[in-house]
Amino acid sequence: MITARHDPWAEALFTPYITRLLRRHFHALRLLGEPPSPPRGLPLLIVPNHSTWWDGFFLFILNRLLLGRRLHLMMLEEQLARFRFFRRIGAFGIRPGSIGEVAASLAYSASVLREPANALCLFPQGVMRHPSARPLGFRPGLERILREHGAPVGILPLAIRCEFYEDQRPEALFQFDRCLEAGPGSYPGSGWIEERVTGLLDQAGRAAQEKSPGRLLVAGQVRAGERWAAFRRLGR
């Protein structure tokens, strides 16, 4: 399997690049509800839904802005083999078609959690699904990671939705749950986490209907048409 690295120069190069890319393609990135407050003494397991190609990039930015952890992100190995730069900013691979490779990736995930400063993000759905699809279809694997880790972790459910309003670009909405401290003997199961993420997605959907402003994390670039419209308003 392809393991992760963390090269400071790569993260310093990638952060402004992905921020510009998000500003170009999104009207805004917004946090709904309270910001996450995971305990500093425990490694962090982030469990989001998976509905867009952008999700891994969202997690990179959310970690930089809100969490400040050493992020490890599981992604398909065939994609990571094509874009090996992502390995230098914490991505590692999984090959779903191979039982042995899946076991190796889960064992590697457990080893990531040995360091309290680390955060591990994986997408239990395994495939992209619309955020309104029910059930979300979380796959097994979380229990095995925690069993192999064998010590407490902070588990942080996360909902991700992208919504269109008046702008031609979507807004990305994020809603975190409270951080659950759990270990192999007290873990409530992946069904509980799927239920929590489902509830968060429903909350975020209601906030989208109400056009709740939330907390602005990244503002999109002002496009030429928007600048021209503002100029015309000034001339009235």
# chains A, B, ... in the order shown; residues from 1 in each chain; ligands from 1
call {"tool": "select_by_dssp", "arguments": {"residues": "range 10-233 of chain A", "states": "alpha helix (DSSP H)", "output": "PyMOL selection string"}}
result
chain A and resi 10-25+55-62+77-82+99-112+142-149+190-209+224-233
call {"tool": "residues_around", "arguments": {"residues": "range 82-85 of chain A", "least_positions_apart": "2", "cutoff": "12 Å", "atoms": "only C-alpha atoms", "output": "PyMOL selection string"}}
result
chain A and resi 2-7+9-11+13-14+75-80+87-93
call {"tool": "write_last_selection", "arguments": {"atoms": "C-alpha atoms", "output": "tab-separated table (two decimals), in the first residue's frame"}}
result
chain	number	residue	atom	x	y	z
A	2	ILE	CA	1.01	3.64	-0.40
A	3	THR	CA	1.64	5.22	2.98
A	4	ALA	CA	1.42	8.90	3.92
A	5	ARG	CA	4.15	11.46	4.36
A	6	HIS	CA	4.00	14.98	5.71
A	7	ASP	CA	6.44	17.30	3.98
A	9	TRP	CA	7.15	22.36	1.98
A	10	ALA	CA	4.35	20.41	0.28
A	11	GLU	CA	1.70	21.63	2.74
A	13	LEU	CA	2.75	24.98	-1.31
A	14	PHE	CA	-0.62	23.23	-1.40
A	75	MET	CA	-8.17	7.59	-0.52
A	76	LEU	CA	-8.39	5.03	-3.31
A	77	GLU	CA	-4.92	3.76	-4.11
A	78	GLU	CA	-5.47	3.89	-7.87
A	79	GLN	CA	-6.12	7.64	-7.55
A	80	LEU	CA	-3.21	8.15	-5.17
A	87	ARG	CA	0.96	11.43	-0.25
A	88	ARG	CA	3.20	14.31	0.82
A	89	ILE	CA	0.26	16.06	2.51
A	90	GLY	CA	-1.02	13.02	4.40
A	91	ALA	CA	-2.98	10.84	1.97
A	92	PHE	CA	-2.58	7.06	2.04
A	93	GLY	CA	-4.11	4.36	-0.11
call {"tool": "closest_residue", "arguments": {"among": "A:Arg30, A:Arg215, A:Arg129, A:Arg24", "to": "Ser51 in chain A", "atoms": "only C-alpha atoms"}}
result
A:Arg129
call {"tool": "residues_around", "arguments": {"residues": "range 144-160 of chain A", "least_positions_apart": "3", "cutoff": "6 Å", "atoms": "only C-alpha atoms", "output": "list in words"}}
result
Leu42, Pro43, Leu44, Leu45, Ile46, Val47, Pro48, Asn49, Leu106, Ala110, Gly141, Leu173, Phe174, Gln175, Phe176, Asp177, Cys179, Leu180, Glu181, Ala182, Gly183, Pro184, Val197, Leu200 and Leu201 of chain A
call {"tool": "select_by_dssp", "arguments": {"residues": "range 46-205 of chain A", "states": "strand (DSSP E)", "output": "ChimeraX atom specification"}}
result
/A:46-48,70-76,91-94,118-121,153-163,171-176,180-182
call {"tool": "residues_around", "arguments": {"residues": "range 60-68 of chain A", "least_positions_apart": "4", "cutoff": "10 Å", "atoms": "only C-alpha atoms", "output": "list in words"}}
result
Glu11, Phe14, Thr15, Ile18, Thr19, Leu22, Leu29, Leu31, Pro35, Pro36, Ser37, Pro38, Arg40, Leu44, Asp55, Gly56, His72, Leu73, Ile89, Gly90, Ala117, Asn118, Ala119, Cys121, Phe174, Leu217 and Val218 of chain A
call {"tool": "residues_around", "arguments": {"residues": "Gln168 in chain A", "least_positions_apart": "3", "cutoff": "10 Å", "atoms": "only C-alpha atoms", "output": "ChimeraX atom specification"}}
result
/A:25-27,164-165,171
call {"tool": "write_last_selection", "arguments": {"atoms": "C-alpha atoms", "output": "mmCIF file, in the first residue's frame"}}
result
data_model
loop_
_atom_site.group_PDB
_atom_site.id
_atom_site.type_symbol
_atom_site.label_atom_id
_atom_site.label_comp_id
_atom_site.auth_asym_id
_atom_site.auth_seq_id
_atom_site.Cartn_x
_atom_site.Cartn_y
_atom_site.Cartn_z
ATOM 1 C CA HIS A 25 -15.256 27.235 -7.715
ATOM 2 C CA PHE A 26 -17.365 27.993 -4.619
ATOM 3 C CA HIS A 27 -19.315 31.051 -3.580
ATOM 4 C CA PHE A 164 -26.866 26.308 -4.799
ATOM 5 C CA TYR A 165 -28.513 29.627 -3.957
ATOM 6 C CA GLU A 171 -21.840 26.934 -1.144
#
call {"tool": "atom_distance", "arguments": {"atom1": "CA of Glu195 in chain A", "atom2": "CA of Pro140 in chain A"}}
result
14.3 Å
